[in-house]
Amino acid sequence: MKRFLLSVKGIVQGVGFRPFVYNLARELGIRGYIKNTSAGVVIEAEGANVDELIDAVQRRHPPLAKIDSIDIKELPPGGDDDFVIISSLDEGGFTLVSPDVSICGECLKELFNPVDRRYLYPFINCTNCGPRYSITRRVPYDRPNTTMAQFRLCPQCMGEYNDPGNRRFHAQPNACAVCGPQVSLRIGNPQFIDMAPDMGENPISATIALLKQGALVAVKGLGGFHLCCDATNERAVALLREKKRKSNKPFALMAPDCGNIREFCEMSEEEEALLNDIRRPIVLLKKKGGGLGATGKGLSGVIAPNNKYIGFMLPYTPLHYLLFYHPLASGFSSLTSHFDALVMTSGNIAEEPIVIDNTGAVEKLRGIADAFLFHNRDIFMRVDDSVVKILSPRRLSFVRRSRGYAPEPVLLEEDGPDVLGCGADVKNSFTITKGHYAVISQHVGDMENLETLRFFEETLTNLKQVYRSEPVAIAYDLHPGYLSTQWALGQIRDRGITGYAVQHHYAHIASVLAESGLKEKVIGVALDGTGYGTDGNLWGGEFLVCGIDGFVRAAHFKYIPLPGGESAIKEGWRTAVGAVISALGSKMSGTGDMRAAVMESLKDIGFIERYGQGRLDSILKVAGNRSFSPLSSGAGRLFDAVSALVSVADRNTFEGEAAIALENEIEEGCSGNYAFTVDGGKPLRIDFSETILQIIADMRKGEPRGRIAAKFHNTVIEVIAVIVSRISGENGIRNVALSGGTFQNSYIFERAYGRLVSQGFNVLTNVNVPCNDACVSLGQAFLLRERLKAGLPLTD
């Protein structure tokens, strides 16, 4: 008889791993035990078929499990009589926590089966589905360590929990209507009280009635509250936008099935598979017909104004399915949905974090919501919905990485010290490292208020506890004004901890290195809106030669002034004026009348008519004053300028709005591009003056703006190809890393990627994290960790 000790690490708790091994051992006549520990799962297995069990654990483990390593040691026989699951132990190590996953098919069938004891129970789950990360307070992953601890299992649920043949064997969130969480409805707006007479007896049925009458309802979900309304009710959607959004940012929608989504959007096989994935992300889909306005079947046009895409997701909790298919609402048959689509936008105000508790929801959302659908299962980790899209060819691209994906780690090649990367201030996430894992937090948000900072600190405390991570050093962004930077500097000062300031775009490229495991130097193409540069200017159109030991700025977009600074970032027409001034300045010689030349160009494209002579004169006066008009090489600012020049969008009511609108205008099949120049020296300087002047000329000729948009995008792609080739020739580097929010532009990414590959480059991109600023913390943590390991100085 052989006996082995197996130490299994990875996502192996809360995913049905122990029941799987238990039943397999009993089937194979194996004796011994299995237990959860704070470091993973430990198995002692003895028997003639132990090799078969080891092979099955490695190859046939449950679908939600993810094994990173198995350490196997042979032991002397122990003489056990049986195979058992023994109590979990906290041995001081750490294990990975499973993300939350959607309701499985078997639980969904039970939910709508009138003879099942969990019929219409909104918290049905089993070992294969349901909440995980959002309810986990600590490891090992056992019920007392989750927010389900307050709910004592009834005899029937306890019987399932202890039955090895049951699908709910050791399912920690197991519950039923007798012993588990409950829902309740509270109506805040008196005008809707008479519309929900059965709100006490059947809160979900009453909620459906309210939604049908145009109410805005705050619904407590898996990782926080949603603000919900009928997506086909124009008045309700417009009211929600007026009360909550204050911008043109699209709303996310939830539809009962893919058939309904096809009524509104185009959908590929890959997109359908992604919608149905157990992670249930929001998937960005092209509107049917490719238009910018409303789609068919009565969907409100204010859901995604001036946008070719809509973000759709499918229901992922039993409660969501009940909102669509509850059979008790007005005698309704569960075969047909109550709604074609529901708006399901994050339950928050302004840029604050998503609300997670009932009291906070009433306090924060009462000015928006007419009613509140509560439940009494606490949310420990708040997690927004993830947002993804498919890029050609079949490439998953994250826009927001959160529910369903966080806190899955990026696997690093070797063990290293515990460190923290604090991230950027826009689309913030942070990263902690432990062993050979980089654990990236869920989406935190924009670090512009105290509430978001508290969310940052709260999540950091939780993840440090779960992963037993105690950072010995902190990496942060070079920008002195970032709240995340100020927080890091406070920690460094108060705790005496080591700090490392990382240039923003270097961190972008380092995040790609972290994901790829590449040790060689790369040509990094980092294109985004704004990042603080080592020269004190605002960077964002950067070509870097970099590795772990530092970076060299090999090329960049020529600086243009941003008249008004932060105001220009929000009002792209100001940046457009700065771009025209810069373009004309590079062409005019001697003491020509710059004001007259600029005004003539602006008049030709309608700027004087739109913004007035006085405002434009004021912009011209401040454009040359660096105190009021900082210099920017940002790709995002260039896109803002062009979008305003061609009258597509002249301001950003949310980040990237003007650039997104410009991409949406592209005329398909247009292959031309504009001229640009490259000034020699180190670094190379890419000058778009000719581009700007040719765009103005095309505007004068009445060229369609879709054609101008296409030619501008093609110009940026040409710049990427030309500059990368030139840097490669000078440095002998064939690896290229692409990162930065500009690469969320599908047109730019797909064509630039294809062009570089066709030129023989090895092109690397972000895979497990977004290419926007959400990846910055991974790059920061990776550089800090690798430099500490190599004994390199923490300066660039």
# chains A, B, ... in the order shown; residues from 1 in each chain; ligands from 1
$ select_by_dssp --residues "segment 561-661 of chain A" --states "helix (DSSP H, G or I)" --output "number ranges by chain"
A: 566-570, 572-585, 594-604, 607-611, 613-623, 635-645, 657-661
$ select_by_dssp --residues "segment 554-597 of chain A" --states "strand (DSSP E or B)" --output "JSON, numbers by chain"
{"A": [554, 555, 556, 557, 560, 561]}
$ write_last_selection --atoms "all heavy atoms" --output "tab-separated table (two decimals), in the first residue's frame"
chain	number	residue	atom	x	y	z
A	554	ALA	N	12.23	56.73	-25.95
A	554	ALA	CA	12.82	56.72	-27.29
A	554	ALA	C	12.11	57.67	-28.24
A	554	ALA	O	12.73	58.20	-29.17
A	554	ALA	CB	12.78	55.30	-27.85
A	555	ALA	N	10.81	57.88	-28.05
A	555	ALA	CA	10.04	58.78	-28.92
A	555	ALA	C	8.76	59.17	-28.21
A	555	ALA	O	8.31	58.48	-27.28
A	555	ALA	CB	9.72	58.09	-30.25
A	556	HIS	N	8.17	60.28	-28.64
A	556	HIS	CA	6.90	60.70	-28.06
A	556	HIS	C	6.18	61.64	-29.02
A	556	HIS	O	6.79	62.24	-29.92
A	556	HIS	CB	7.10	61.39	-26.71
A	556	HIS	CG	7.86	62.68	-26.77
A	556	HIS	ND1	7.25	63.91	-26.99
A	556	HIS	CD2	9.18	62.95	-26.64
A	556	HIS	CE1	8.16	64.86	-26.98
A	556	HIS	NE2	9.34	64.32	-26.77
A	557	PHE	N	4.87	61.76	-28.85
A	557	PHE	CA	4.11	62.73	-29.59
A	557	PHE	C	4.58	64.13	-29.20
A	557	PHE	O	4.91	64.38	-28.03
A	557	PHE	CB	2.61	62.61	-29.29
A	557	PHE	CG	1.94	61.37	-29.83
A	557	PHE	CD1	2.67	60.35	-30.43
A	557	PHE	CD2	0.55	61.22	-29.73
A	557	PHE	CE1	2.04	59.22	-30.92
A	557	PHE	CE2	-0.08	60.09	-30.23
A	557	PHE	CZ	0.67	59.07	-30.82
A	560	ILE	N	1.62	69.57	-27.11
A	560	ILE	CA	0.72	70.66	-27.46
A	560	ILE	C	0.21	71.27	-26.16
A	560	ILE	O	0.13	70.60	-25.13
A	560	ILE	CB	-0.47	70.19	-28.34
A	560	ILE	CG1	-1.33	69.14	-27.60
A	560	ILE	CG2	0.00	69.65	-29.66
A	560	ILE	CD1	-2.60	68.78	-28.34
A	561	PRO	N	-0.13	72.56	-26.17
A	561	PRO	CA	-0.63	73.19	-24.94
A	561	PRO	C	-2.08	72.79	-24.65
A	561	PRO	O	-2.86	72.57	-25.58
A	561	PRO	CB	-0.52	74.69	-25.24
A	561	PRO	CG	-0.63	74.78	-26.73
A	561	PRO	CD	0.02	73.53	-27.26
$ residues_around --residues "segment 720-735 of chain A" --least-positions-apart "6" --cutoff "8 Å" --atoms "only C-alpha atoms" --output "list of chain:residue names"
A:Lys521, A:Val522, A:Ile523, A:Val525, A:Phe543, A:Ala554, A:Ala555, A:Ala752, A:Arg755, A:Leu756, A:Gly760, A:Phe761, A:Asn762, A:Val763, A:Leu764
$ write_last_selection --atoms "C-alpha atoms" --output "tab-separated table (two decimals), in the first residue's frame"
chain	number	residue	atom	x	y	z
A	521	LYS	CA	13.90	44.44	-23.09
A	522	VAL	CA	10.85	45.54	-25.07
A	523	ILE	CA	9.74	48.48	-27.16
A	525	VAL	CA	4.06	51.68	-26.90
A	543	PHE	CA	7.53	54.90	-27.10
A	554	ALA	CA	12.82	56.72	-27.29
A	555	ALA	CA	10.04	58.78	-28.92
A	752	ALA	CA	-1.76	48.25	-35.16
A	755	ARG	CA	0.54	45.59	-38.79
A	756	LEU	CA	3.31	44.93	-36.26
A	760	GLY	CA	7.72	40.20	-37.80
A	761	PHE	CA	7.44	41.64	-34.30
A	762	ASN	CA	6.52	39.61	-31.23
A	763	VAL	CA	3.60	41.70	-29.99
A	764	LEU	CA	2.56	41.47	-26.34
$ atom_distance --atom1 "atom CA of Asn248 of chain A" --atom2 "atom CA of Ala659 of chain A"
13.3 Å
$ closest_residue --among "A:Glu566, A:Trp487, A:His479, A:Phe782" --to "Glu515 of chain A" --atoms "only C-alpha atoms"
A:Phe782
$ residues_around --residues "Leu638 of chain A" --least-positions-apart "3" --cutoff "9 Å" --atoms "only C-alpha atoms" --output "list in words"
Gly529, Ile560, Thr575, Ala576, Ala579, Ser633, Gly634, Ala635, Ala641, Val642, Ser643, Ala659 and Phe688 of chain A
$ write_last_selection --atoms "N, CA, C and O atoms" --output "PDB file, in the first residue's frame"
ATOM      1  N   GLY A 529      -4.337  59.049 -22.098  1.00  0.00           N
ATOM      2  CA  GLY A 529      -4.657  60.469 -22.010  1.00  0.00           C
ATOM      3  C   GLY A 529      -3.615  61.285 -21.276  1.00  0.00           C
ATOM      4  O   GLY A 529      -3.060  62.245 -21.804  1.00  0.00           O
ATOM      5  N   ILE A 560       1.620  69.567 -27.106  1.00  0.00           N
ATOM      6  CA  ILE A 560       0.717  70.656 -27.463  1.00  0.00           C
ATOM      7  C   ILE A 560       0.208  71.271 -26.164  1.00  0.00           C
ATOM      8  O   ILE A 560       0.127  70.601 -25.134  1.00  0.00           O
ATOM      9  N   THR A 575      -8.486  72.017 -26.215  1.00  0.00           N
ATOM     10  CA  THR A 575      -7.305  71.297 -26.696  1.00  0.00           C
ATOM     11  C   THR A 575      -7.170  71.457 -28.203  1.00  0.00           C
ATOM     12  O   THR A 575      -6.051  71.544 -28.730  1.00  0.00           O
ATOM     13  N   ALA A 576      -8.311  71.468 -28.901  1.00  0.00           N
ATOM     14  CA  ALA A 576      -8.276  71.665 -30.353  1.00  0.00           C
ATOM     15  C   ALA A 576      -7.632  73.005 -30.704  1.00  0.00           C
ATOM     16  O   ALA A 576      -6.829  73.100 -31.643  1.00  0.00           O
ATOM     17  N   ALA A 579      -3.991  72.637 -30.262  1.00  0.00           N
ATOM     18  CA  ALA A 579      -3.385  71.867 -31.359  1.00  0.00           C
ATOM     19  C   ALA A 579      -3.223  72.723 -32.615  1.00  0.00           C
ATOM     20  O   ALA A 579      -2.215  72.618 -33.336  1.00  0.00           O
ATOM     21  N   SER A 633       1.760  65.479 -24.256  1.00  0.00           N
ATOM     22  CA  SER A 633       2.030  64.615 -25.412  1.00  0.00           C
ATOM     23  C   SER A 633       0.987  63.503 -25.497  1.00  0.00           C
ATOM     24  O   SER A 633       1.178  62.515 -26.197  1.00  0.00           O
ATOM     25  N   GLY A 634      -0.113  63.659 -24.759  1.00  0.00           N
ATOM     26  CA  GLY A 634      -1.093  62.589 -24.629  1.00  0.00           C
ATOM     27  C   GLY A 634      -1.811  62.235 -25.920  1.00  0.00           C
ATOM     28  O   GLY A 634      -2.334  63.109 -26.615  1.00  0.00           O
ATOM     29  N   ALA A 635      -1.864  60.941 -26.220  1.00  0.00           N
ATOM     30  CA  ALA A 635      -2.639  60.481 -27.366  1.00  0.00           C
ATOM     31  C   ALA A 635      -4.114  60.802 -27.179  1.00  0.00           C
ATOM     32  O   ALA A 635      -4.813  61.212 -28.113  1.00  0.00           O
ATOM     33  N   ALA A 641      -8.802  66.599 -29.451  1.00  0.00           N
ATOM     34  CA  ALA A 641      -8.668  67.757 -30.342  1.00  0.00           C
ATOM     35  C   ALA A 641      -9.303  67.484 -31.698  1.00  0.00           C
ATOM     36  O   ALA A 641     -10.067  68.309 -32.226  1.00  0.00           O
ATOM     37  N   VAL A 642      -9.008  66.323 -32.271  1.00  0.00           N
ATOM     38  CA  VAL A 642      -9.550  65.994 -33.592  1.00  0.00           C
ATOM     39  C   VAL A 642     -11.058  65.815 -33.528  1.00  0.00           C
ATOM     40  O   VAL A 642     -11.793  66.258 -34.423  1.00  0.00           O
ATOM     41  N   SER A 643     -11.540  65.187 -32.457  1.00  0.00           N
ATOM     42  CA  SER A 643     -12.988  65.003 -32.298  1.00  0.00           C
ATOM     43  C   SER A 643     -13.701  66.346 -32.269  1.00  0.00           C
ATOM     44  O   SER A 643     -14.768  66.518 -32.871  1.00  0.00           O
ATOM     45  N   ALA A 659     -13.067  60.552 -27.680  1.00  0.00           N
ATOM     46  CA  ALA A 659     -12.322  59.563 -28.467  1.00  0.00           C
ATOM     47  C   ALA A 659     -13.230  58.419 -28.910  1.00  0.00           C
ATOM     48  O   ALA A 659     -13.133  57.937 -30.043  1.00  0.00           O
ATOM     49  N   PHE A 688       2.342  66.056 -35.316  1.00  0.00           N
ATOM     50  CA  PHE A 688       1.072  65.896 -36.029  1.00  0.00           C
ATOM     51  C   PHE A 688       0.570  67.220 -36.613  1.00  0.00           C
ATOM     52  O   PHE A 688      -0.612  67.332 -36.936  1.00  0.00           O
TER      53      PHE A 688
END
$ residues_around --residues "segment 70-73 of chain A" --least-positions-apart "4" --cutoff "10 Å" --atoms "only C-alpha atoms" --output "ChimeraX atom specification"
/A:3-10,41-44,54,57-58
$ residues_around --residues "Ser601 of chain A" --least-positions-apart "6" --cutoff "9 Å" --atoms "only C-alpha atoms" --output "list in words"
Val580, Phe607, Leu693 and Ile696 of chain A
$ write_last_selection --atoms "C-alpha atoms" --output "short mmCIF file (atom, residue, chain, number, x, y, z; two decimals), in the first residue's frame"
data_model
loop_
_atom_site.label_atom_id
_atom_site.label_comp_id
_atom_site.auth_asym_id
_atom_site.auth_seq_id
_atom_site.Cartn_x
_atom_site.Cartn_y
_atom_site.Cartn_z
CA VAL A 580 -4.10 74.47 -34.06
CA PHE A 607 -15.31 77.50 -34.00
CA LEU A 693 -3.72 71.27 -40.96
CA ILE A 696 -8.80 71.54 -41.41
#
$ residues_around --residues "Asp773 of chain A" --least-positions-apart "6" --cutoff "9 Å" --atoms "only C-alpha atoms" --output "number ranges by chain"
A: 423-429, 504, 508, 528, 740-741
$ closest_residue --among "A:Glu458, A:Glu470, A:Glu542, A:Glu718" --to "Arg137 of chain A" --atoms "only C-alpha atoms"
A:Glu458
$ atom_distance --atom1 "atom CA of Leu275 of chain A" --atom2 "atom CA of Arg118 of chain A"
25.9 Å
$ atom_distance --atom1 "atom CA of Val343 of chain A" --atom2 "atom CA of Glu448 of chain A"
25.9 Å
$ closest_residue --among "A:Cys265, A:Glu352, A:Lys558, A:Ala661" --to "Ser647 of chain A" --atoms "only C-alpha atoms"
A:Ala661
$ closest_residue --among "A:Met344, A:Arg132, A:Pro305, A:His170" --to "Ala255 of chain A" --atoms "only C-alpha atoms"
A:Met344
